[in-house]
$ cat target.csv   # CSV, C-alpha atoms and all ligand atoms
chain,number,residue,atom,x,y,z
A,4,MET,CA,-10.7,-6.1,-3.3
A,5,MET,CA,-10.7,-7.2,0.3
A,6,ALA,CA,-11.9,-10.7,-0.5
A,7,GLU,CA,-9.6,-11.2,-3.4
A,8,LYS,CA,-7.5,-14.3,-3.1
A,9,LYS,CA,-4.1,-15.0,-4.4
A,10,LYS,CA,-4.2,-16.9,-7.7
A,11,GLU,CA,-3.1,-20.5,-7.3
A,12,GLU,CA,0.3,-20.8,-9.0
A,13,LYS,CA,1.2,-23.9,-11.0
A,14,PRO,CA,3.8,-25.9,-9.2
A,15,PHE,CA,7.1,-25.1,-10.9
A,16,SER,CA,10.4,-26.6,-10.4
A,17,VAL,CA,13.6,-25.2,-11.8
A,18,GLU,CA,14.6,-28.6,-13.1
A,19,ASP,CA,11.8,-28.1,-15.7
A,20,LEU,CA,14.0,-25.7,-17.5
A,21,PRO,CA,16.3,-27.0,-20.3
A,22,GLY,CA,19.9,-27.5,-19.1
A,23,VAL,CA,19.1,-27.4,-15.4
A,24,GLY,CA,20.3,-30.5,-13.6
A,25,GLU,CA,19.9,-31.4,-9.9
A,26,ALA,CA,23.1,-29.6,-8.7
A,27,THR,CA,22.4,-26.4,-10.6
A,28,ALA,CA,18.8,-26.5,-9.5
A,29,GLU,CA,19.9,-26.7,-5.9
A,30,LYS,CA,22.2,-23.8,-6.2
A,31,LEU,CA,19.6,-21.7,-7.9
A,32,ARG,CA,17.1,-22.5,-5.2
A,33,GLU,CA,19.6,-21.6,-2.5
A,34,ALA,CA,20.1,-18.2,-4.1
A,35,GLY,CA,16.3,-17.7,-4.2
A,36,TYR,CA,15.9,-18.3,-7.9
A,37,ASP,CA,13.1,-20.8,-7.5
A,38,GLU,CA,10.4,-18.9,-9.3
A,39,LEU,CA,10.0,-18.4,-13.0
A,40,MET,CA,9.6,-14.6,-12.6
A,41,ARG,CA,12.8,-14.3,-10.7
A,42,LEU,CA,14.7,-16.3,-13.3
A,43,ALA,CA,13.0,-14.4,-16.1
A,44,VAL,CA,14.2,-11.0,-14.8
A,45,ALA,CA,17.7,-12.2,-13.8
A,46,SER,CA,20.9,-11.2,-15.6
A,47,PRO,CA,23.0,-14.0,-17.1
A,48,LYS,CA,26.0,-12.7,-15.1
A,49,ASP,CA,24.3,-12.9,-11.7
A,50,LEU,CA,22.8,-16.3,-12.5
A,51,SER,CA,26.1,-17.6,-13.6
A,52,GLU,CA,27.8,-16.3,-10.4
A,53,VAL,CA,25.4,-18.0,-8.0
A,54,SER,CA,24.9,-21.3,-9.9
A,55,GLY,CA,28.3,-21.9,-11.4
A,56,VAL,CA,26.8,-22.5,-14.9
A,57,ALA,CA,28.5,-20.6,-17.7
A,58,GLU,CA,27.0,-17.3,-18.7
A,59,GLY,CA,25.9,-18.6,-22.1
A,60,ALA,CA,24.0,-21.5,-20.4
A,61,ALA,CA,22.6,-19.0,-17.9
A,62,ALA,CA,21.3,-16.9,-20.8
A,63,LYS,CA,19.5,-19.9,-22.2
A,64,ILE,CA,17.9,-20.7,-18.8
A,65,ILE,CA,16.7,-17.1,-18.6
A,66,ALA,CA,15.3,-17.2,-22.1
A,67,ALA,CA,13.4,-20.4,-21.3
A,68,ALA,CA,12.1,-18.9,-18.0
A,69,ARG,CA,10.8,-15.9,-20.0
A,70,LYS,CA,8.8,-18.1,-22.3
A,71,PHE,CA,7.1,-19.8,-19.4
A,72,ALA,CA,6.7,-16.8,-17.0
A,73,ASP,CA,3.6,-14.8,-16.6
A,74,VAL,CA,5.3,-11.5,-16.9
A,75,GLY,CA,2.2,-9.7,-15.8
A,76,ASN,CA,-0.1,-7.2,-17.6
A,77,PHE,CA,-0.3,-3.5,-18.0
A,78,GLU,CA,-3.1,-1.9,-16.0
A,79,THR,CA,-4.9,1.3,-17.0
A,80,GLY,CA,-4.5,4.4,-15.0
A,81,GLU,CA,-8.1,4.0,-14.1
A,82,GLU,CA,-7.6,0.6,-12.6
A,83,ILE,CA,-4.6,1.9,-10.6
A,84,LEU,CA,-6.6,4.9,-9.4
A,85,GLN,CA,-9.5,2.5,-8.4
A,86,ARG,CA,-7.1,0.4,-6.3
A,87,ARG,CA,-5.5,3.5,-4.7
A,88,LYS,CA,-9.0,4.7,-3.7
A,89,GLU,CA,-9.2,1.6,-1.5
A,90,ILE,CA,-6.2,2.6,0.5
A,91,LYS,CA,-6.9,2.8,4.3
A,92,LYS,CA,-4.9,4.2,7.1
A,93,LEU,CA,-4.0,2.6,10.4
A,94,PRO,CA,-3.6,4.8,13.4
A,95,THR,CA,-0.5,4.4,15.5
A,96,GLY,CA,-1.9,5.4,18.9
A,97,SER,CA,-0.1,8.8,18.7
A,98,LYS,CA,-2.0,11.6,17.0
A,99,ASN,CA,1.4,13.4,16.4
A,100,LEU,CA,2.8,10.4,14.6
A,101,ASP,CA,-0.5,9.9,12.6
A,102,GLU,CA,-0.3,13.4,11.5
A,103,LEU,CA,3.3,13.0,10.4
A,104,LEU,CA,2.2,10.0,8.3
A,105,GLY,CA,-0.7,11.7,6.7
A,106,GLY,CA,-3.3,9.9,8.9
A,107,GLY,CA,-1.6,6.7,9.8
A,108,LEU,CA,0.2,3.7,8.1
A,109,GLU,CA,-1.1,3.2,4.6
A,110,THR,CA,-2.3,-0.1,3.2
A,111,GLN,CA,-0.7,-1.3,-0.1
A,112,ALA,CA,2.6,-0.1,1.1
A,113,ILE,CA,5.5,-1.1,3.4
A,114,THR,CA,6.3,1.2,6.3
A,115,GLU,CA,9.7,0.6,7.9
A,116,PHE,CA,10.5,1.7,11.4
A,117,TYR,CA,14.2,1.9,12.0
A,118,GLY,CA,16.3,2.9,14.9
A,119,GLU,CA,18.7,1.6,17.6
A,120,PHE,CA,17.9,-0.9,20.3
A,121,GLY,CA,15.2,0.2,22.7
A,122,SER,CA,14.0,2.9,20.3
A,123,GLY,CA,10.5,1.5,20.5
A,124,LYS,CA,10.1,-0.4,17.2
A,125,THR,CA,8.7,-3.5,18.8
A,126,GLN,CA,6.4,-1.5,21.1
A,127,ILE,CA,5.0,0.2,18.0
A,128,MET,CA,4.4,-3.1,16.3
A,129,HIS,CA,2.4,-4.4,19.3
A,130,GLN,CA,0.3,-1.2,19.3
A,131,LEU,CA,-0.3,-1.5,15.5
A,132,ALA,CA,-1.5,-5.1,16.0
A,133,VAL,CA,-4.0,-4.0,18.7
A,134,ASN,CA,-5.2,-1.1,16.7
A,135,ALA,CA,-5.8,-3.2,13.6
A,136,THR,CA,-8.2,-5.4,15.5
A,137,MET,CA,-10.2,-2.3,16.7
A,138,PRO,CA,-13.7,-1.6,15.2
A,139,GLU,CA,-13.7,0.6,12.2
A,140,ASP,CA,-15.6,3.4,13.9
A,141,ALA,CA,-12.7,3.5,16.4
A,142,GLY,CA,-10.2,3.9,13.6
A,143,GLY,CA,-9.2,0.2,13.3
A,144,PHE,CA,-9.6,-2.3,10.5
A,145,ASN,CA,-11.6,-4.8,12.5
A,146,THR,CA,-9.4,-7.6,11.1
A,147,ASP,CA,-6.9,-10.2,12.1
A,148,VAL,CA,-3.1,-9.5,12.2
A,149,LEU,CA,-0.1,-11.6,11.2
A,150,ILE,CA,3.2,-11.1,13.0
A,151,ILE,CA,6.5,-12.7,11.8
A,152,ASP,CA,8.6,-12.6,14.9
A,153,THR,CA,12.3,-13.1,14.3
A,154,GLU,CA,13.8,-12.1,17.7
A,155,ASN,CA,11.3,-13.8,20.0
A,156,THR,CA,10.1,-10.4,21.3
A,157,PHE,CA,6.4,-10.8,20.9
A,158,ARG,CA,4.8,-10.5,24.3
A,159,PRO,CA,1.1,-11.3,24.7
A,160,GLU,CA,1.2,-9.4,28.1
A,161,ARG,CA,1.9,-6.2,26.2
A,162,ILE,CA,-1.1,-6.8,23.9
A,163,VAL,CA,-3.2,-7.4,27.0
A,164,SER,CA,-2.1,-4.0,28.6
A,165,MET,CA,-2.6,-2.1,25.3
A,166,ALA,CA,-6.0,-3.8,24.6
A,167,LEU,CA,-7.2,-2.9,28.1
A,168,ALA,CA,-6.1,0.7,27.6
A,169,LYS,CA,-8.2,0.9,24.5
A,170,GLY,CA,-11.2,-0.7,26.2
A,171,LEU,CA,-11.0,-3.9,24.2
A,172,ASP,CA,-11.5,-7.4,25.4
A,173,PRO,CA,-7.8,-8.7,25.8
A,174,ASP,CA,-8.7,-12.3,25.1
A,175,GLU,CA,-10.6,-11.4,21.9
A,176,THR,CA,-7.7,-9.2,20.8
A,177,LEU,CA,-5.1,-12.0,21.4
A,178,LYS,CA,-7.2,-14.4,19.4
A,179,ARG,CA,-7.0,-12.2,16.3
A,180,ILE,CA,-3.2,-11.8,16.4
A,181,HIS,CA,-1.4,-14.7,14.8
A,182,VAL,CA,2.3,-14.9,15.5
A,183,ALA,CA,4.9,-17.1,13.8
A,184,ARG,CA,8.5,-17.4,15.0
A,185,ALA,CA,11.0,-17.3,12.2
A,186,TYR,CA,14.1,-19.3,13.0
A,187,ASN,CA,16.3,-18.1,10.1
A,188,SER,CA,16.0,-16.0,7.0
A,189,HIS,CA,14.8,-18.8,4.8
A,190,HIS,CA,12.1,-19.6,7.3
A,191,GLN,CA,11.2,-15.9,7.4
A,192,ILE,CA,10.8,-15.9,3.6
A,193,LEU,CA,8.6,-19.0,3.7
A,194,LEU,CA,6.4,-17.5,6.4
A,195,ALA,CA,5.9,-14.4,4.2
A,196,GLU,CA,4.7,-16.7,1.5
A,197,LYS,CA,2.5,-18.6,4.0
A,198,ALA,CA,0.9,-15.3,4.9
A,199,SER,CA,-1.0,-15.3,1.6
A,200,GLU,CA,-2.4,-18.7,2.5
A,201,MET,CA,-3.7,-17.4,5.9
A,202,THR,CA,-5.8,-14.9,4.0
A,203,LYS,CA,-8.0,-17.8,2.8
A,204,ASP,CA,-9.1,-18.4,6.4
A,205,PHE,CA,-8.8,-14.9,8.0
A,206,HIS,CA,-9.4,-11.4,6.9
A,207,ILE,CA,-6.0,-9.8,7.4
A,208,ARG,CA,-5.1,-6.2,6.9
A,209,LEU,CA,-1.9,-6.0,8.8
A,210,LEU,CA,1.3,-7.9,8.3
A,211,ILE,CA,4.2,-7.2,10.7
A,212,VAL,CA,7.8,-8.4,10.3
A,213,ASP,CA,9.8,-7.7,13.5
A,214,SER,CA,12.7,-7.6,12.7
A,215,LEU,CA,13.0,-7.6,8.9
A,216,THR,CA,16.7,-7.7,8.9
A,217,SER,CA,18.1,-9.4,12.0
A,218,HIS,CA,18.5,-12.9,10.5
A,219,PHE,CA,19.9,-11.5,7.3
A,220,ARG,CA,22.4,-9.5,9.2
A,221,SER,CA,23.7,-12.4,11.4
A,222,GLU,CA,23.6,-15.0,8.7
A,223,TYR,CA,25.4,-13.1,6.0
A,224,MET,CA,27.8,-11.1,8.1
A,225,GLY,CA,31.3,-11.2,6.8
A,226,ARG,CA,30.7,-14.1,4.5
A,227,GLY,CA,31.4,-12.1,1.4
A,228,SER,CA,27.9,-13.0,0.2
A,229,LEU,CA,26.4,-9.5,0.3
A,230,ALA,CA,25.0,-9.9,-3.2
A,231,GLU,CA,23.2,-13.1,-2.2
A,232,ARG,CA,21.8,-11.5,0.9
A,233,GLN,CA,20.6,-8.4,-1.0
A,234,GLN,CA,19.0,-10.7,-3.6
A,235,LEU,CA,17.1,-12.6,-0.9
A,236,LEU,CA,16.1,-9.5,1.0
A,237,ASN,CA,14.9,-7.9,-2.2
A,238,ARG,CA,12.8,-10.9,-3.0
A,239,HIS,CA,11.4,-10.9,0.5
A,240,MET,CA,10.5,-7.2,0.4
A,241,HIS,CA,8.7,-7.7,-2.9
A,242,ASP,CA,6.7,-10.6,-1.5
A,243,LEU,CA,5.7,-8.4,1.4
A,244,LEU,CA,4.7,-5.5,-0.9
A,245,LYS,CA,2.7,-8.0,-3.0
A,246,PHE,CA,0.9,-9.1,0.1
A,247,GLY,CA,0.0,-5.6,1.0
A,248,THR,CA,-1.2,-4.7,-2.5
A,249,ILE,CA,-3.3,-7.8,-3.0
A,250,ASN,CA,-4.9,-7.8,0.4
A,251,ASN,CA,-5.1,-4.0,0.8
A,252,ALA,CA,-3.1,-4.5,3.9
A,253,VAL,CA,-0.6,-2.4,5.9
A,254,VAL,CA,2.9,-4.0,6.0
A,255,ALA,CA,5.0,-2.8,8.9
A,256,VAL,CA,8.6,-3.8,9.3
A,257,THR,CA,11.4,-3.0,11.7
A,258,ASN,CA,15.1,-2.6,11.1
A,259,GLN,CA,17.8,-2.0,13.7
A,260,VAL,CA,20.5,0.4,12.9
A,261,SER,CA,23.5,1.7,14.7
A,262,ALA,CA,22.9,5.1,16.2
A,263,ARG,CA,26.3,6.3,15.0
A,264,PRO,CA,25.8,8.5,12.0
A,265,ASP,CA,29.3,7.7,10.6
A,266,ILE,CA,28.4,4.0,10.5
A,267,PHE,CA,24.9,4.7,9.3
A,268,PHE,CA,25.8,7.0,6.4
A,269,GLY,CA,29.4,6.2,5.8
A,270,ASP,CA,29.3,2.5,5.1
A,271,PRO,CA,26.7,1.5,2.6
A,272,THR,CA,26.5,-2.0,4.1
A,273,ALA,CA,25.9,-0.8,7.7
A,274,PRO,CA,22.2,-0.4,8.0
A,275,ILE,CA,21.2,-3.9,7.0
A,276,GLY,CA,19.9,-4.1,3.5
A,277,GLY,CA,20.2,-0.3,3.4
A,278,HIS,CA,19.6,0.3,-0.3
A,279,ILE,CA,17.3,-2.6,-1.0
A,280,VAL,CA,15.1,-1.9,2.1
A,281,GLY,CA,15.2,1.8,1.5
A,282,HIS,CA,14.0,1.6,-2.1
A,283,THR,CA,11.3,-0.9,-1.5
A,284,ALA,CA,9.8,0.6,1.7
A,285,THR,CA,7.3,3.3,0.8
A,286,PHE,CA,7.6,5.0,4.1
A,287,ARG,CA,10.5,5.1,6.4
A,288,VAL,CA,10.3,6.3,10.0
A,289,TYR,CA,13.5,6.8,12.0
A,290,LEU,CA,13.1,6.5,15.7
A,291,ARG,CA,15.5,8.0,18.3
A,292,LYS,CA,15.5,8.0,22.0
A,293,SER,CA,14.6,11.0,24.1
A,294,LYS,CA,14.0,11.5,27.8
A,295,GLY,CA,11.9,9.0,29.8
A,296,GLY,CA,9.7,7.0,27.5
A,297,LYS,CA,9.7,9.7,24.9
A,298,ARG,CA,10.8,8.9,21.4
A,299,ILE,CA,11.3,11.2,18.4
A,300,ALA,CA,10.0,9.8,15.1
A,301,ARG,CA,11.2,11.3,11.9
A,302,LEU,CA,9.6,10.7,8.5
A,303,VAL,CA,12.3,10.1,5.9
A,304,ASP,CA,12.1,9.8,2.1
A,305,SER,CA,8.3,9.9,1.8
A,306,PRO,CA,7.0,9.8,-1.8
A,307,TYR,CA,4.6,12.7,-1.2
A,308,LEU,CA,4.6,13.8,2.5
A,309,PRO,CA,6.9,16.5,3.8
A,310,GLU,CA,9.7,15.4,6.1
A,311,GLY,CA,9.1,16.2,9.7
A,312,GLU,CA,9.3,14.9,13.3
A,313,ALA,CA,6.8,13.9,15.9
A,314,VAL,CA,7.3,13.1,19.6
A,315,ILE,CA,5.6,9.9,20.9
A,316,GLN,CA,5.4,8.4,24.3
A,317,LEU,CA,6.1,4.7,25.2
A,318,SER,CA,4.1,3.6,28.2
A,319,GLU,CA,2.5,0.7,29.9
A,320,ASP,CA,-0.7,1.6,28.0
A,321,GLY,CA,1.2,1.6,24.7
A,322,ILE,CA,2.0,4.3,22.2
A,323,THR,CA,0.5,7.7,23.0
A,324,ASP,CA,1.2,11.4,22.6
A,325,GLY,CA,2.1,11.6,26.3
A,326,VAL,CA,1.9,14.9,28.0
A,327,GLN,CA,3.5,17.4,25.5
A,328,ALA,CA,5.5,20.3,26.8
A,401,LIG,P1,15.4,-3.7,19.6
A,401,LIG,O1,16.2,-3.1,18.4
A,401,LIG,O2,16.3,-4.1,20.7
A,401,LIG,O3,14.5,-4.7,19.1
A,401,LIG,P2,13.2,-1.9,19.9
A,401,LIG,O4,13.4,-0.7,19.1
A,401,LIG,O5,12.3,-2.9,19.4
A,401,LIG,O6,14.6,-2.5,20.3
A,401,LIG,P3,11.4,-1.8,22.1
A,401,LIG,O7,11.5,-3.1,22.6
A,401,LIG,O8,10.2,-1.5,21.3
A,401,LIG,O9,12.7,-1.4,21.3
A,401,LIG,O10,11.4,-0.7,23.2
A,401,LIG,C1,11.8,-1.0,24.5
A,401,LIG,C2,11.5,0.2,25.4
A,401,LIG,O11,10.0,0.3,25.4
A,401,LIG,C3,11.9,0.1,26.7
A,401,LIG,O12,13.2,0.7,26.9
A,401,LIG,C4,10.9,1.0,27.5
A,401,LIG,O13,11.2,2.3,27.4
A,401,LIG,C5,9.6,0.8,26.7
A,401,LIG,N1,8.7,-0.2,27.3
A,401,LIG,C6,8.6,-1.5,27.1
A,401,LIG,N2,7.7,-2.1,27.8
A,401,LIG,C7,7.1,-1.1,28.5
A,401,LIG,C8,6.1,-1.0,29.5
A,401,LIG,N3,5.4,-2.1,29.9
A,401,LIG,N4,5.8,0.2,30.0
A,401,LIG,C9,6.5,1.3,29.7
A,401,LIG,N5,7.5,1.3,28.8
A,401,LIG,C10,7.8,0.1,28.2
A,402,MG,MG,12.5,-5.0,19.0
$ encode --input "target.csv" --output "structure tokens"
Amino acid sequence: MMAEKKKEEKPFSVEDLPGVGEATAEKLREAGYDELMRLAVASPKDLSEVSGVAEGAAAKIIAAARKFADVGNFETGEEILQRRKEIKKLPTGSKNLDELLGGGLETQAITEFYGEFGSGKTQIMHQLAVNATMPEDAGGFNTDVLIIDTENTFRPERIVSMALAKGLDPDETLKRIHVARAYNSHHQILLAEKASEMTKDFHIRLLIVDSLTSHFRSEYMGRGSLAERQQLLNRHMHDLLKFGTINNAVVAVTNQVSARPDIFFGDPTAPIGGHIVGHTATFRVYLRKSKGGKRIARLVDSPYLPEGEAVIQLSEDGITDGVQA
């Protein structure tokens, strides 16, 4: 499983489909319909809306895409069980939080940390990166890490402090953490695709996107293009999940939300990508501020773990349990 590589996909261009000229192809690509599978599962109405082609023509494009697309195979329950047996858990640095998560962050899943500014999302991402590089007998994966940094908040100095606190060689730790700055949402999507290529050269069991939603929020705010944004975000989330499944990797993402519950729950568009992100993330952890460096983590919507809360401590040394009262 761990050495499994992504299959090389045949280069495909939407112009290969009957009835798709240059202008239509450009519109389809812009809306994220540049893969056969995405076209194959699209609805004629959606496709017509984003590309400007009539619904009848859109239906023909979809039908053609279905003929070409590799729709995927059924797996037996035995195969799925076998893959699930390979699931590993990445500790967070806080025993309280690990316990809440049933032992740590699971591979083959997306774990979303959401909360307001300063709630500790980025600190947790740094700590997870350090932990993943740790030897297996110390609870780590002993692998490299990929970080897609959209807000320019990656700080090698924090990695050094956290590595030292764990008794690791900070330079060796830094060498195993590969960071890419994403300049906009399209770039972010491309980097997630590039992540698969990185697995040819490095053994990677942790992929971080911090923040998942900031570019999508700023670029699509008030443009009346919510559907397009959700479509792209949905696609991105599925790319991330695929990465996690194929590489038996943890995928950790952050999402900033307003601390005001009326905004958070009242307006379905308020937490960025609310529904899309919520349905694709397997685990969601809501962080809120407490006194000092303490933060309260709440597990929300887990498929099989009980809801609950854990207190964690942010410190110079990273994420710990702190001194509990
Ligand atoms: P945003 O939504 O703005 O990205 P965030 O949830 O990512 O916010 P973080 O940057 O992870 O928030 O958290 C910032 C907090 O982490 C600071 O307010 C501070 O409490 C704590 N922190 C950061 N660095 C240190 C450090 N070196 N020592 C102790 N605490 C620190
Ligand atoms: Mg942050």
$ residues_near_ligand --input "target.csv" --ligand "ligand MG 402 (chain A)" --cutoff "7 Å" --atoms "only C-alpha atoms and all ligand atoms" --output "list in words"
Phe120, Gly121, Gly123, Lys124, Thr125, Thr156, Asp213 and Ser214 of chain A
$ residues_around --input "target.csv" --residues "Glu29 (chain A)" --least-positions-apart "4" --cutoff "9 Å" --atoms "only C-alpha atoms" --output "mmCIF file with C-alpha atoms, in the frame of the given file"
data_model
loop_
_atom_site.group_PDB
_atom_site.id
_atom_site.type_symbol
_atom_site.label_atom_id
_atom_site.label_comp_id
_atom_site.auth_asym_id
_atom_site.auth_seq_id
_atom_site.Cartn_x
_atom_site.Cartn_y
_atom_site.Cartn_z
ATOM 1 C CA VAL A 17 13.600 -25.200 -11.800
ATOM 2 C CA GLY A 24 20.300 -30.500 -13.600
ATOM 3 C CA GLU A 25 19.900 -31.400 -9.900
ATOM 4 C CA GLU A 33 19.600 -21.600 -2.500
ATOM 5 C CA ALA A 34 20.100 -18.200 -4.100
ATOM 6 C CA SER A 54 24.900 -21.300 -9.900
#
$ closest_residue --input "target.csv" --among "A:Ser46, A:Ser221, A:Thr216, A:Thr283" --to "ligand LIG 401 (chain A)" --atoms "only C-alpha atoms and all ligand atoms"
A:Thr216
$ atom_distance --input "target.csv" --atom1 "CA of Pro94 (chain A)" --atom2 "CA of Tyr307 (chain A)"
18.5 Å
$ closest_residue --input "target.csv" --among "A:Glu78, A:Glu310, A:Glu18, A:Glu102" --to "Ile64 (chain A)" --atoms "only C-alpha atoms"
A:Glu18
$ residues_near_ligand --input "target.csv" --ligand "ligand LIG 401 (chain A)" --cutoff "8 Å" --atoms "only C-alpha atoms and all ligand atoms" --output "VMD selection string"
chain A and resid 117 to 128 154 156 161 164 213 to 214 257 to 260 290 295 to 297 317 to 321
$ atom_distance --input "target.csv" --atom1 "CA of Ile113 (chain A)" --atom2 "CA of Met137 (chain A)"
20.6 Å
$ atom_distance --input "target.csv" --atom1 "CA of Phe71 (chain A)" --atom2 "CA of Asp49 (chain A)"
20.1 Å
$ residues_around --input "target.csv" --residues "region 324-326 of chain A" --least-positions-apart "2" --cutoff "6 Å" --atoms "all atoms listed in the file" --output "short mmCIF file (atom, residue, chain, number, x, y, z; two decimals) with C-alpha atoms, keeping the file's coordinate frame"
data_model
loop_
_atom_site.label_atom_id
_atom_site.label_comp_id
_atom_site.auth_asym_id
_atom_site.auth_seq_id
_atom_site.Cartn_x
_atom_site.Cartn_y
_atom_site.Cartn_z
CA SER A 97 -0.10 8.80 18.70
CA ILE A 315 5.60 9.90 20.90
CA GLN A 316 5.40 8.40 24.30
#
$ closest_residue --input "target.csv" --among "A:Arg220, A:Arg69, A:His239, A:Lys30" --to "Ala45 (chain A)" --atoms "all atoms listed in the file"
A:Arg69
$ residues_around --input "target.csv" --residues "Leu108 (chain A)" --least-positions-apart "6" --cutoff "9 Å" --atoms "all atoms listed in the file" --output "PyMOL selection string"
chain A and resi 91-95+101+114+253-255+286
$ closest_residue --input "target.csv" --among "A:Asp172, A:Asp242, A:Glu200, A:Glu160" --to "Arg41 (chain A)" --atoms "all atoms listed in the file"
A:Asp242
$ closest_residue --input "target.csv" --among "A:Tyr186, A:Leu244, A:Val53, A:Ile299" --to "Arg232 (chain A)" --atoms "all atoms listed in the file"
A:Val53
$ closest_residue --input "target.csv" --among "A:Ala72, A:Leu20, A:Ala230, A:Val56" --to "Met40 (chain A)" --atoms "all atoms listed in the file"
A:Ala72
$ residues_around --input "target.csv" --residues "Val288 (chain A)" --least-positions-apart "3" --cutoff "8 Å" --atoms "all atoms listed in the file" --output "ChimeraX atom specification"
/A:114-117,300-303
$ residues_around --input "target.csv" --residues "region 207-210 of chain A" --least-positions-apart "5" --cutoff "7 Å" --atoms "all atoms listed in the file" --output "list in words"
Ala135, Phe144, Thr146, Asp147, Val148, Leu149, Ile150, Thr202, Asn250, Asn251, Ala252, Val253, Val254 and Ala255 of chain A
$ write_last_selection --input "target.csv" --atoms "C-alpha atoms" --output "compact mmCIF listing (two decimals), in the frame of the given file"
# COMPACT_ATOMS: atom_id res chain seq x y z
CA ALA A 135 -5.80 -3.20 13.60
CA PHE A 144 -9.60 -2.30 10.50
CA THR A 146 -9.40 -7.60 11.10
CA ASP A 147 -6.90 -10.20 12.10
CA VAL A 148 -3.10 -9.50 12.20
CA LEU A 149 -0.10 -11.60 11.20
CA ILE A 150 3.20 -11.10 13.00
CA THR A 202 -5.80 -14.90 4.00
CA ASN A 250 -4.90 -7.80 0.40
CA ASN A 251 -5.10 -4.00 0.80
CA ALA A 252 -3.10 -4.50 3.90
CA VAL A 253 -0.60 -2.40 5.90
CA VAL A 254 2.90 -4.00 6.00
CA ALA A 255 5.00 -2.80 8.90
$ build_atoms --input "target.csv" --residues "region 209-225 of chain A" --atoms "N, CA and C atoms" --output "PDB file, in the frame of the given file"
ATOM      1  N   LEU A 209      -3.167  -6.414   8.266  1.00  0.00           N
ATOM      2  CA  LEU A 209      -1.900  -6.000   8.800  1.00  0.00           C
ATOM      3  C   LEU A 209      -0.920  -7.138   8.895  1.00  0.00           C
ATOM      4  N   LEU A 210       0.240  -6.949   8.280  1.00  0.00           N
ATOM      5  CA  LEU A 210       1.300  -7.900   8.300  1.00  0.00           C
ATOM      6  C   LEU A 210       2.545  -7.239   8.907  1.00  0.00           C
ATOM      7  N   ILE A 211       3.073  -7.830  10.000  1.00  0.00           N
ATOM      8  CA  ILE A 211       4.200  -7.200  10.700  1.00  0.00           C
ATOM      9  C   ILE A 211       5.428  -8.170  10.543  1.00  0.00           C
ATOM     10  N   VAL A 212       6.596  -7.621  10.254  1.00  0.00           N
ATOM     11  CA  VAL A 212       7.800  -8.400  10.300  1.00  0.00           C
ATOM     12  C   VAL A 212       8.780  -7.676  11.271  1.00  0.00           C
ATOM     13  N   ASP A 213       8.992  -8.270  12.436  1.00  0.00           N
ATOM     14  CA  ASP A 213       9.800  -7.700  13.500  1.00  0.00           C
ATOM     15  C   ASP A 213      10.838  -8.706  13.954  1.00  0.00           C
ATOM     16  N   SER A 214      12.056  -8.621  13.508  1.00  0.00           N
ATOM     17  CA  SER A 214      12.700  -7.600  12.700  1.00  0.00           C
ATOM     18  C   SER A 214      12.858  -8.123  11.247  1.00  0.00           C
ATOM     19  N   LEU A 215      12.784  -7.226  10.308  1.00  0.00           N
ATOM     20  CA  LEU A 215      13.000  -7.600   8.900  1.00  0.00           C
ATOM     21  C   LEU A 215      14.374  -8.125   8.650  1.00  0.00           C
ATOM     22  N   THR A 216      15.344  -7.546   9.314  1.00  0.00           N
ATOM     23  CA  THR A 216      16.700  -7.700   8.900  1.00  0.00           C
ATOM     24  C   THR A 216      17.641  -8.512   9.815  1.00  0.00           C
ATOM     25  N   SER A 217      17.180  -8.838  11.042  1.00  0.00           N
ATOM     26  CA  SER A 217      18.100  -9.400  12.000  1.00  0.00           C
ATOM     27  C   SER A 217      18.735 -10.730  11.535  1.00  0.00           C
ATOM     28  N   HIS A 218      17.913 -11.623  10.962  1.00  0.00           N
ATOM     29  CA  HIS A 218      18.500 -12.900  10.500  1.00  0.00           C
ATOM     30  C   HIS A 218      19.443 -12.673   9.336  1.00  0.00           C
ATOM     31  N   PHE A 219      19.056 -11.796   8.432  1.00  0.00           N
ATOM     32  CA  PHE A 219      19.900 -11.500   7.300  1.00  0.00           C
ATOM     33  C   PHE A 219      21.260 -10.988   7.729  1.00  0.00           C
ATOM     34  N   ARG A 220      21.190 -10.122   8.741  1.00  0.00           N
ATOM     35  CA  ARG A 220      22.400  -9.500   9.200  1.00  0.00           C
ATOM     36  C   ARG A 220      23.332 -10.616   9.837  1.00  0.00           C
ATOM     37  N   SER A 221      22.778 -11.423  10.737  1.00  0.00           N
ATOM     38  CA  SER A 221      23.700 -12.400  11.400  1.00  0.00           C
ATOM     39  C   SER A 221      24.121 -13.494  10.503  1.00  0.00           C
ATOM     40  N   GLU A 222      23.262 -13.906   9.578  1.00  0.00           N
ATOM     41  CA  GLU A 222      23.600 -15.000   8.700  1.00  0.00           C
ATOM     42  C   GLU A 222      24.632 -14.670   7.641  1.00  0.00           C
ATOM     43  N   TYR A 223      24.534 -13.445   7.165  1.00  0.00           N
ATOM     44  CA  TYR A 223      25.400 -13.100   6.000  1.00  0.00           C
ATOM     45  C   TYR A 223      26.517 -12.162   6.390  1.00  0.00           C
ATOM     46  N   MET A 224      26.724 -11.998   7.695  1.00  0.00           N
ATOM     47  CA  MET A 224      27.800 -11.100   8.100  1.00  0.00           C
ATOM     48  C   MET A 224      29.147 -11.629   7.768  1.00  0.00           C
ATOM     49  N   GLY A 225      29.932 -10.810   7.091  1.00  0.00           N
ATOM     50  CA  GLY A 225      31.300 -11.200   6.800  1.00  0.00           C
ATOM     51  C   GLY A 225      31.536 -12.427   6.030  1.00  0.00           C
TER      52      GLY A 225
END
